[in-house]
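Enquirer: What follows is query_23.txt; its format and atoms are compact mmCIF, C-alpha atoms and all ligand atoms.
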# COMPACT_ATOMS: atom_id res chain seq x y z
CA MET C 16 93.39 83.20 179.16
CA ASP C 17 90.77 82.15 181.71
CA PHE C 18 90.21 78.55 180.59
CA GLN C 19 87.98 77.74 183.54
CA LYS C 20 85.58 80.55 182.70
CA ILE C 21 85.50 79.51 179.05
CA LEU C 22 84.71 75.90 180.02
CA ASN C 23 81.98 77.06 182.43
CA ASP C 24 80.41 79.25 179.73
CA ILE C 25 80.50 76.46 177.14
CA TYR C 26 78.96 74.03 179.63
CA ALA C 27 76.19 76.47 180.52
CA ALA C 28 75.45 77.12 176.85
CA THR C 29 75.32 73.39 176.04
CA LYS C 30 73.72 71.77 179.09
CA ASP C 31 70.11 72.50 178.21
CA SER C 32 70.31 71.84 174.47
CA SER C 33 67.12 70.27 173.21
CA GLU C 34 69.04 68.43 170.47
CA LYS C 35 71.28 65.93 172.23
CA GLY C 36 71.65 63.24 169.56
CA THR C 37 71.03 59.54 170.17
CA VAL C 38 72.88 57.20 172.53
CA ALA C 39 74.35 54.19 170.66
CA THR C 40 72.20 51.08 171.00
CA TYR C 41 73.84 48.65 168.56
CA ILE C 42 76.08 47.61 171.45
CA PRO C 43 73.24 46.91 173.93
CA GLU C 44 75.36 47.65 177.01
CA LEU C 45 76.02 51.22 175.80
CA ALA C 46 72.28 51.92 175.59
CA LYS C 47 72.15 51.92 179.42
CA VAL C 48 74.07 55.20 179.64
CA SER C 49 72.11 58.41 180.29
CA GLY C 50 72.07 60.86 177.38
CA ASP C 51 72.23 63.73 179.88
CA LYS C 52 75.88 63.22 180.85
CA LEU C 53 78.07 66.12 179.88
CA GLY C 54 81.66 66.90 180.75
CA MET C 55 84.74 68.72 179.50
CA PHE C 56 88.28 68.41 180.85
CA LEU C 57 91.32 70.37 179.71
CA LEU C 58 94.93 69.58 180.57
CA ASP C 59 97.34 72.24 179.39
CA ALA C 60 100.99 71.74 178.48
CA GLU C 61 102.08 72.84 181.99
CA GLN C 62 99.66 70.23 183.37
CA ASN C 63 97.21 72.72 184.83
CA VAL C 64 93.74 71.21 184.81
CA TYR C 65 90.34 72.75 184.08
CA SER C 66 87.15 70.82 184.41
CA VAL C 67 83.39 71.16 184.18
CA GLY C 68 80.52 68.68 184.46
CA ASP C 69 80.79 64.88 184.50
CA THR C 70 84.55 64.57 184.11
CA SER C 71 85.37 61.90 186.69
CA GLU C 72 82.72 59.36 185.69
CA ARG C 73 84.03 56.58 183.44
CA PHE C 74 82.51 55.72 180.09
CA SER C 75 83.34 53.35 177.26
CA ILE C 76 86.09 54.92 175.18
CA GLN C 77 85.29 52.64 172.20
CA SER C 78 87.07 53.85 169.04
CA ILE C 79 89.24 56.32 170.94
CA SER C 80 91.18 53.19 171.93
CA LYS C 81 92.22 52.78 168.28
CA VAL C 82 94.72 55.64 168.65
CA ILE C 83 96.31 54.06 171.72
CA ALA C 84 96.54 50.65 170.01
CA LEU C 85 98.06 52.33 166.96
CA ALA C 86 100.67 54.03 169.16
CA GLN C 87 101.65 50.76 170.81
CA ALA C 88 101.82 48.89 167.48
CA PHE C 89 103.83 51.72 165.86
CA ASP C 90 106.27 51.63 168.78
CA LEU C 91 106.62 47.85 168.46
CA VAL C 92 106.98 47.39 164.69
CA GLY C 93 107.84 50.86 163.34
CA ASN C 94 107.16 51.83 159.76
CA THR C 95 106.59 48.24 158.57
CA LEU C 96 103.09 48.87 159.91
CA TRP C 97 102.19 50.84 156.78
CA LYS C 98 102.53 47.76 154.56
CA ARG C 99 99.34 46.44 156.11
CA VAL C 100 97.28 49.58 156.60
CA ASP C 101 97.13 52.82 154.60
CA VAL C 102 96.93 56.43 155.86
CA GLU C 103 94.17 57.90 153.69
CA PRO C 104 90.82 59.20 154.97
CA SER C 105 88.03 56.83 154.00
CA GLY C 106 85.09 59.20 153.61
CA ASN C 107 82.96 56.30 154.77
CA PRO C 108 81.40 55.13 158.05
CA PHE C 109 83.65 53.40 160.60
CA ASN C 110 82.26 49.95 159.82
CA PHE C 111 82.13 50.19 156.02
CA LEU C 112 83.10 47.00 154.21
CA SER C 113 83.00 47.52 150.43
CA LEU C 114 86.16 49.61 150.17
CA LEU C 115 88.10 46.83 151.83
CA GLU C 116 87.13 44.43 149.09
CA GLN C 117 87.96 46.92 146.35
CA GLU C 118 91.35 47.64 147.89
CA ASN C 119 92.44 44.03 148.39
CA GLY C 120 92.18 43.86 152.14
CA ILE C 121 94.38 46.88 152.90
CA PRO C 122 92.28 49.14 155.15
CA ARG C 123 92.25 52.85 154.31
CA ASN C 124 93.60 53.83 157.74
CA PRO C 125 94.12 52.48 161.29
CA LEU C 126 91.17 54.40 162.77
CA ILE C 127 88.35 52.69 160.90
CA ASN C 128 87.31 49.29 162.20
CA ALA C 129 89.08 47.31 159.46
CA GLY C 130 92.35 49.13 160.15
CA ALA C 131 91.98 48.75 163.90
CA LEU C 132 91.43 45.00 163.47
CA VAL C 133 94.74 44.79 161.57
CA ILE C 134 96.40 46.73 164.41
CA SER C 135 94.88 44.28 166.92
CA ASP C 136 96.38 41.43 164.89
CA ILE C 137 99.81 43.11 164.93
CA LEU C 138 99.62 43.59 168.71
CA ILE C 139 98.64 39.95 169.25
CA SER C 140 101.63 38.84 167.15
CA ASN C 141 104.03 41.10 169.04
CA LEU C 142 102.90 41.01 172.68
CA LYS C 143 103.39 38.13 175.13
CA ASP C 144 100.06 38.57 176.88
CA PRO C 145 98.17 40.93 174.52
CA LYS C 146 95.21 41.98 176.68
CA ALA C 147 97.32 42.44 179.82
CA ASP C 148 100.15 44.17 177.95
CA PHE C 149 97.81 46.58 176.15
CA LEU C 150 96.16 47.46 179.45
CA SER C 151 99.57 48.11 181.05
CA TYR C 152 100.44 50.40 178.16
CA VAL C 153 97.24 52.40 178.67
CA ARG C 154 97.75 52.55 182.44
CA GLY C 155 101.33 53.71 181.92
CA LEU C 156 100.33 56.48 179.54
CA ALA C 157 97.59 57.65 181.90
CA ASP C 158 99.75 57.08 184.99
CA ASP C 159 96.69 55.40 186.46
CA PRO C 160 96.65 51.69 187.44
CA SER C 161 92.90 51.75 188.04
CA ILE C 162 92.02 51.87 184.31
CA ASP C 163 90.43 48.61 183.17
CA TYR C 164 88.38 46.77 180.59
CA ASP C 165 84.61 46.72 181.04
CA GLU C 166 83.87 43.03 180.61
CA ALA C 167 80.10 43.59 180.25
CA VAL C 168 80.67 45.99 177.34
CA ALA C 169 83.18 43.65 175.68
CA ARG C 170 80.75 40.72 175.98
CA SER C 171 77.84 42.79 174.75
CA GLU C 172 79.76 43.84 171.65
CA SER C 173 81.02 40.32 171.01
CA GLU C 174 77.44 39.00 171.08
CA THR C 175 76.26 41.53 168.51
CA GLY C 176 79.47 42.22 166.54
CA PHE C 177 78.40 40.57 163.28
CA ARG C 178 79.77 43.33 161.08
CA ASN C 179 83.17 43.33 162.79
CA ARG C 180 83.20 39.55 162.41
CA ALA C 181 82.53 39.98 158.69
CA THR C 182 85.31 42.58 158.44
CA ALA C 183 87.82 40.38 160.27
CA ASN C 184 86.97 37.40 158.09
CA LEU C 185 87.31 39.47 154.92
CA LEU C 186 90.72 40.69 156.10
CA LYS C 187 91.71 37.10 156.84
CA SER C 188 90.64 36.03 153.34
CA PHE C 189 93.03 38.62 151.91
CA GLY C 190 95.83 37.35 154.16
CA ASN C 191 95.90 40.55 156.23
CA ILE C 192 95.16 38.82 159.55
CA GLU C 193 97.82 36.41 160.87
CA ASN C 194 96.13 35.18 164.02
CA ASP C 195 92.89 33.37 164.74
CA VAL C 196 89.95 35.63 163.77
CA GLU C 197 88.10 35.07 167.05
CA GLU C 198 91.24 35.93 169.05
CA VAL C 199 91.63 39.17 167.08
CA LEU C 200 87.97 40.08 167.65
CA ASP C 201 88.18 39.29 171.36
CA PHE C 202 91.20 41.56 171.69
CA TYR C 203 89.52 44.32 169.64
CA PHE C 204 86.27 44.19 171.64
CA HIS C 205 88.25 44.39 174.90
CA GLN C 206 90.34 47.30 173.64
CA CYS C 207 87.14 49.18 172.75
CA SER C 208 85.59 48.39 176.15
CA VAL C 209 88.26 50.27 178.15
CA ALA C 210 86.48 52.65 180.50
CA MET C 211 87.90 56.07 181.25
CA SER C 212 86.74 59.45 182.50
CA CYS C 213 87.38 62.69 180.61
CA GLU C 214 90.16 63.39 183.10
CA GLN C 215 91.86 60.05 182.44
CA LEU C 216 91.48 60.49 178.68
CA ALA C 217 93.02 63.95 178.67
CA LYS C 218 95.97 62.60 180.70
CA THR C 219 96.40 59.58 178.42
CA PHE C 220 96.49 61.76 175.31
CA TYR C 221 98.90 64.28 176.83
CA VAL C 222 101.61 62.24 175.06
CA PHE C 223 100.32 63.58 171.70
CA CYS C 224 100.47 67.15 172.98
CA ASN C 225 103.85 66.70 174.69
CA ARG C 226 106.05 65.46 171.82
CA GLY C 227 105.79 61.78 172.73
CA LYS C 228 106.29 62.07 176.49
CA CYS C 229 103.61 61.19 179.04
CA THR C 230 102.68 63.34 182.06
CA LYS C 231 105.61 61.78 183.95
CA GLN C 232 107.92 62.80 181.05
CA SER C 233 108.76 59.20 180.07
CA GLU C 234 109.22 58.90 176.31
CA TYR C 235 106.62 56.68 174.64
CA LEU C 236 106.89 57.84 171.03
CA THR C 237 109.37 59.69 168.83
CA LEU C 238 108.54 63.14 167.54
CA SER C 239 108.10 61.70 164.05
CA GLN C 240 105.67 59.06 165.35
CA VAL C 241 103.64 61.71 167.18
CA LYS C 242 103.51 63.83 164.02
CA ARG C 243 102.20 60.88 162.06
CA ILE C 244 99.61 59.80 164.60
CA ASN C 245 98.34 63.37 164.99
CA ALA C 246 98.10 63.63 161.20
CA ILE C 247 96.06 60.43 161.08
CA MET C 248 93.77 61.72 163.85
CA LEU C 249 93.20 64.94 161.93
CA THR C 250 92.43 63.26 158.60
CA CYS C 251 90.74 60.04 159.78
CA GLY C 252 89.61 60.46 163.41
CA PHE C 253 85.96 61.16 162.62
CA TYR C 254 85.31 58.81 159.69
CA ASP C 255 83.08 60.51 157.12
CA GLU C 256 82.97 63.60 159.32
CA ALA C 257 86.74 64.18 159.51
CA GLY C 258 86.45 67.18 157.18
CA GLU C 259 83.66 68.65 159.28
CA PHE C 260 85.64 68.24 162.51
CA ALA C 261 88.72 69.89 160.98
CA PHE C 262 86.49 72.66 159.61
CA GLU C 263 84.59 73.31 162.85
CA VAL C 264 87.20 72.49 165.49
CA GLY C 265 90.58 72.45 163.74
CA LEU C 266 92.37 69.94 165.96
CA PRO C 267 93.60 66.34 165.61
CA GLY C 268 91.12 64.24 167.53
CA LYS C 269 89.26 60.99 167.90
CA SER C 270 85.70 60.08 168.72
CA GLY C 271 84.09 56.94 170.09
CA VAL C 272 80.49 55.69 170.05
CA GLY C 273 80.48 55.93 173.86
CA GLY C 274 80.14 59.68 173.25
CA GLY C 275 83.70 60.66 174.10
CA ILE C 276 85.96 62.87 172.00
CA ILE C 277 89.62 63.60 172.65
CA ALA C 278 91.46 66.38 170.83
CA VAL C 279 94.96 67.84 171.14
CA LEU C 280 96.75 71.00 170.21
CA PRO C 281 100.43 70.00 170.15
CA ASP C 282 102.51 71.90 172.73
CA HIS C 283 99.37 73.50 174.18
CA PHE C 284 96.74 71.13 175.57
CA SER C 285 94.75 67.94 175.40
CA VAL C 286 91.01 68.22 175.89
CA ALA C 287 88.38 65.54 176.47
CA VAL C 288 84.61 65.89 176.20
CA TRP C 289 81.83 63.43 176.94
CA ALA C 290 78.20 63.66 175.79
CA PRO C 291 76.74 60.22 174.95
CA GLY C 292 74.20 61.38 172.33
CA LEU C 293 75.61 60.80 168.83
CA ASN C 294 74.87 62.49 165.52
CA GLU C 295 74.01 60.45 162.43
CA LYS C 296 77.73 59.89 161.70
CA GLY C 297 78.29 58.29 165.10
CA ASN C 298 80.16 61.21 166.67
CA SER C 299 79.12 62.96 169.89
CA LEU C 300 76.77 65.76 168.85
CA LEU C 301 77.24 68.08 171.84
CA GLY C 302 80.88 67.06 172.18
CA MET C 303 81.63 68.42 168.73
CA GLN C 304 79.73 71.61 169.51
CA MET C 305 81.63 72.18 172.75
CA LEU C 306 84.98 71.74 171.04
CA GLU C 307 83.94 74.06 168.22
CA GLN C 308 83.05 76.72 170.79
CA PHE C 309 86.31 76.15 172.63
CA THR C 310 88.61 76.64 169.63
CA THR C 311 86.51 79.55 168.36
CA GLN C 312 86.45 81.38 171.70
CA THR C 313 90.16 80.78 172.44
CA ASN C 314 91.41 81.10 168.86
CA LEU C 315 93.53 78.04 169.59
CA SER C 316 93.63 75.48 166.80
CA ILE C 317 96.28 74.08 164.47
CA PHE C 318 95.09 76.53 161.84
N1 LIG C 401 83.58 49.00 169.11
C1 LIG C 401 82.88 49.84 168.18
C2 LIG C 401 82.65 49.11 166.87
O1 LIG C 401 83.52 48.42 166.43
C3 LIG C 401 83.67 51.10 167.98
C4 LIG C 401 83.01 52.06 167.02
C5 LIG C 401 83.25 53.50 167.35
O2 LIG C 401 83.48 53.89 168.48
N2 LIG C 401 83.12 54.33 166.34
O3 LIG C 401 81.62 49.21 166.27
Can I see the file as structure tokens?

Expert:
Amino acid sequence: MDFQKILNDIYAATKDSSEKGTVATYIPELAKVSGDKLGMFLLDAEQNVYSVGDTSERFSIQSISKVIALAQAFDLVGNTLWKRVDVEPSGNPFNFLSLLEQENGIPRNPLINAGALVISDILISNLKDPKADFLSYVRGLADDPSIDYDEAVARSESETGFRNRATANLLKSFGNIENDVEEVLDFYFHQCSVAMSCEQLAKTFYVFCNRGKCTKQSEYLTLSQVKRINAIMLTCGFYDEAGEFAFEVGLPGKSGVGGGIIAVLPDHFSVAVWAPGLNEKGNSLLGMQMLEQFTTQTNLSIF
């Protein structure tokens, strides 16, 4: 299959779309990004690479980081994790609060904000130097020491993160946060601020395509852990649009409000797209379209 031609065709068909969605503004720093950026990067199981558009420029990975934090926490504490966070799709927006109150402070899953805040708390309790150790984990997975936090994005979110503050405090009131709430939020905002290109993202997520081993073949996760994380990505990776993503694209994946989406087909490829304009559910509008075209044209999906 000529992946490069398929990517080129998808890019050409998408580039001039009049409907590009809206760049996130609720984190003021993200509003500075041009809505015209567009890129797609594919890394296949044999580590051949295919690329089109803006694939080496870094952007804020935002909620995509939740999968990496989940992987590190799962590796550190194993299945005890599931006592503090569930694995059911929420059918609600990423920052929804009411369900948390109804369900006694146990977040529906680790990929909504409430769940990710619990994961942040677990990492803080189990790492010596949480921010440095998380960053090393990401750099190791990506085999790229240049990956870093974007301090301006972290600060910008901290200054406006009232809803995440409310969520963290609600979790604390239910006893599902062990550490200081501000420390948990600071870690969470930093984790979300990690900047990566499509190329770096596809390499980082190769571990979920390659049965728990990174591009250097070091083992990060067991096969069972990879199965579980991929299942959570499929059912919860797109919030109240998880059904739509499975329906249109048919791959485990994760979006972020920076406009990135990562998706994997186990044993076949990991693919990253970036288009900063979001749809009304907070997922990259053109990114979803490009991935839908990719799995439709290649007939490669988990279904
Ligand atoms: N940091 C963002 C927030 O908590 C992440 C949201 C997202 O990417 N969906 O609001």

Enquirer: Just the residues within 10 Å of Ala246 in chain C, please, counting only C-alpha atoms, with nothing from its chain fewer than 4 positions along; format it as a list of chain:residue names.

Expert: C:Val102, C:Gln240, C:Val241, C:Lys242, C:Thr250, C:Cys251, C:Gly252, C:Leu266, C:Pro267, C:Gly268

Enquirer: Limited to C-alpha atoms, could you put the picked residues into a file as a short mmCIF file (atom, residue, chain, number, x, y, z; two decimals), in the coordinates of the input?

Expert:
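To be explicit, this is the file written out as part_24.cif:
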data_model
loop_
_atom_site.label_atom_id
_atom_site.label_comp_id
_atom_site.auth_asym_id
_atom_site.auth_seq_id
_atom_site.Cartn_x
_atom_site.Cartn_y
_atom_site.Cartn_z
CA VAL C 102 96.93 56.43 155.86
CA GLN C 240 105.67 59.06 165.35
CA VAL C 241 103.64 61.71 167.18
CA LYS C 242 103.51 63.83 164.02
CA THR C 250 92.43 63.26 158.60
CA CYS C 251 90.74 60.04 159.78
CA GLY C 252 89.61 60.46 163.41
CA LEU C 266 92.37 69.94 165.96
CA PRO C 267 93.60 66.34 165.61
CA GLY C 268 91.12 64.24 167.53
#

Enquirer: Nearest to ligand LIG 401 (chain C): which of C:Asn94, C:Asn128, C:Thr313, C:Ser299 is it, counting all atoms listed in the file?

Expert: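 Ranking C:Asn94, C:Asn128, C:Thr313, C:Ser299 by distance to ligand LIG 401 (chain C), first place goes to C:Asn128.
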
Enquirer: Find, counting only C-alpha atoms and all ligand atoms, the residue in C:Arg180, C:Lys146, C:Lys30, C:His283 that gets nearest to ligand LIG 401 (chain C).

Expert: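 Distance minimum relative to ligand LIG 401 (chain C) lands on C:Arg180.
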
Enquirer: For ligand LIG 401 (chain C), return the neighbouring residues as an MDAnalysis selection string (distance at most 10 Å; only C-alpha atoms and all ligand atoms).

Expert: chainID C and resid 39 41:42 75:81 108:110 126:129 131:132 168:169 172:173 175:180 200 203:208 252:254 269:276 296:298

Enquirer: Create the file for the chosen residues now, containing C-alpha atoms and written as a JSON list (two decimals), keeping the file's coordinate frame.

Expert:
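Result written to result08.json:
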[["chain", "number", "residue", "atom", "x", "y", "z"],
["C", 39, "ALA", "CA", 74.35, 54.19, 170.66],
["C", 41, "TYR", "CA", 73.84, 48.65, 168.56],
["C", 42, "ILE", "CA", 76.08, 47.61, 171.45],
["C", 75, "SER", "CA", 83.34, 53.35, 177.26],
["C", 76, "ILE", "CA", 86.09, 54.92, 175.18],
["C", 77, "GLN", "CA", 85.29, 52.64, 172.20],
["C", 78, "SER", "CA", 87.07, 53.85, 169.04],
["C", 79, "ILE", "CA", 89.24, 56.32, 170.94],
["C", 80, "SER", "CA", 91.18, 53.19, 171.93],
["C", 81, "LYS", "CA", 92.22, 52.78, 168.28],
["C", 108, "PRO", "CA", 81.40, 55.13, 158.05],
["C", 109, "PHE", "CA", 83.65, 53.40, 160.60],
["C", 110, "ASN", "CA", 82.26, 49.95, 159.82],
["C", 126, "LEU", "CA", 91.17, 54.40, 162.77],
["C", 127, "ILE", "CA", 88.35, 52.69, 160.90],
["C", 128, "ASN", "CA", 87.31, 49.29, 162.20],
["C", 129, "ALA", "CA", 89.08, 47.31, 159.46],
["C", 131, "ALA", "CA", 91.98, 48.75, 163.90],
["C", 132, "LEU", "CA", 91.43, 45.00, 163.47],
["C", 168, "VAL", "CA", 80.67, 45.99, 177.34],
["C", 169, "ALA", "CA", 83.18, 43.65, 175.68],
["C", 172, "GLU", "CA", 79.76, 43.84, 171.65],
["C", 173, "SER", "CA", 81.02, 40.32, 171.01],
["C", 175, "THR", "CA", 76.26, 41.53, 168.51],
["C", 176, "GLY", "CA", 79.47, 42.22, 166.54],
["C", 177, "PHE", "CA", 78.40, 40.57, 163.28],
["C", 178, "ARG", "CA", 79.77, 43.33, 161.08],
["C", 179, "ASN", "CA", 83.17, 43.33, 162.79],
["C", 180, "ARG", "CA", 83.20, 39.55, 162.41],
["C", 200, "LEU", "CA", 87.97, 40.08, 167.65],
["C", 203, "TYR", "CA", 89.52, 44.32, 169.64],
["C", 204, "PHE", "CA", 86.27, 44.19, 171.64],
["C", 205, "HIS", "CA", 88.25, 44.39, 174.90],
["C", 206, "GLN", "CA", 90.34, 47.30, 173.64],
["C", 207, "CYS", "CA", 87.14, 49.18, 172.75],
["C", 208, "SER", "CA", 85.59, 48.39, 176.15],
["C", 252, "GLY", "CA", 89.61, 60.46, 163.41],
["C", 253, "PHE", "CA", 85.96, 61.16, 162.62],
["C", 254, "TYR", "CA", 85.31, 58.81, 159.69],
["C", 269, "LYS", "CA", 89.26, 60.99, 167.90],
["C", 270, "SER", "CA", 85.70, 60.08, 168.72],
["C", 271, "GLY", "CA", 84.09, 56.94, 170.09],
["C", 272, "VAL", "CA", 80.49, 55.69, 170.05],
["C", 273, "GLY", "CA", 80.48, 55.93, 173.86],
["C", 274, "GLY", "CA", 80.14, 59.68, 173.25],
["C", 275, "GLY", "CA", 83.70, 60.66, 174.10],
["C", 276, "ILE", "CA", 85.96, 62.87, 172.00],
["C", 296, "LYS", "CA", 77.73, 59.89, 161.70],
["C", 297, "GLY", "CA", 78.29, 58.29, 165.10],
["C", 298, "ASN", "CA", 80.16, 61.21, 166.67]]

Enquirer: Report the distance between CA of Val199 in chain C and CA of Asp136 in chain C in Å, rounded to one decimal place.

Expert: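 CA of Val199 in chain C sits 5.7 Å away from CA of Asp136 in chain C.
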
Enquirer: Taking into account only C-alpha atoms, which residue in the set C:Tyr65, C:Phe18, C:Phe189, C:Tyr235 is nearest to Val153 in chain C?

Expert: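 With only C-alpha atoms as the atom set, the closest residue is C:Tyr235.
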
Enquirer: Is there a way to get, as a PDB file with C-alpha atoms, keeping the file's coordinate frame, all residues within 7 Å of the point (78.9, 65.6, 166.7) in file coordinates, counting only C-alpha atoms?

Expert:
ATOM      1  CA  LEU C 293      75.610  60.800 168.830  1.00  0.00           C
ATOM      2  CA  ASN C 294      74.870  62.490 165.520  1.00  0.00           C
ATOM      3  CA  ASN C 298      80.160  61.210 166.670  1.00  0.00           C
ATOM      4  CA  SER C 299      79.120  62.960 169.890  1.00  0.00           C
ATOM      5  CA  LEU C 300      76.770  65.760 168.850  1.00  0.00           C
ATOM      6  CA  LEU C 301      77.240  68.080 171.840  1.00  0.00           C
ATOM      7  CA  GLY C 302      80.880  67.060 172.180  1.00  0.00           C
ATOM      8  CA  MET C 303      81.630  68.420 168.730  1.00  0.00           C
ATOM      9  CA  GLN C 304      79.730  71.610 169.510  1.00  0.00           C
TER      10      GLN C 304
END

Enquirer: So how many Å separate CA of Ser171 in chain C and CA of Ser135 in chain C, to one decimal?

Expert: 18.8 Å

Enquirer: Measuring between all atoms listed in the file, which one of C:Ile137, C:Gly36, C:Leu249, C:Leu53 shows the shortest distance to Thr95 in chain C?

Expert: C:Ile137

Enquirer: Need the shell around Ala217 in chain C: protein/DNA/RNA residues with any atom at most 8 Å away, counting only C-alpha atoms. Skip same-chain ones fewer than 3 positions apart. Format as a list of chain:residue names?

Expert: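 Skipping anything fewer than 3 positions along the chain leaves C:Phe56, C:Leu57, C:Leu58, C:Cys213, C:Glu214, C:Phe220, C:Tyr221, C:Ile277, C:Ser285, C:Val286, C:Ala287.
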
Enquirer: Which residue gives the smallest distance to Leu96 in chain C among C:Asn124, C:Gln19, C:Ser212, C:Thr311, with only C-alpha atoms counted?

Expert: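 Closest to Leu96 in chain C of all the choices is C:Asn124.
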
Enquirer: Of the candidates C:Ile317, C:Ala60, C:Met16, C:Ile244, which one gets nearest to Asp282 in chain C if we count all atoms listed in the file?

Expert: C:Ala60

Enquirer: Range 301-307 of chain C, all listed atoms, 5 Å padding on each side: what axis-aligned box centre and edge lengths in Å to one decimal come out, as lines of an AutoDock Vina configuration file?

Expert:
center_x = 81.1
center_y = 70.6
center_z = 170.5
size_x = 17.7
size_y = 17.0
size_z = 14.5

Enquirer: Please return as a list in words every residue within 9 Å of (90.7, 49.2, 184.7), taking into account all atoms listed in the file and the file's own coordinates.

Expert: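 Residues lying no farther than 9 Å from the given point: Leu150, Arg154, Asp159, Pro160, Ser161, Ile162, Asp163, Tyr164, Asp165, Val209, Ala210 and Met211 of chain C.
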
Enquirer: Rounded to one decimal in Å, what is the spacing between CA of Gly227 in chain C and CA of Asp90 in chain C?

Expert: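 Separation of CA of Gly227 in chain C and CA of Asp90 in chain C: 10.9 Å.
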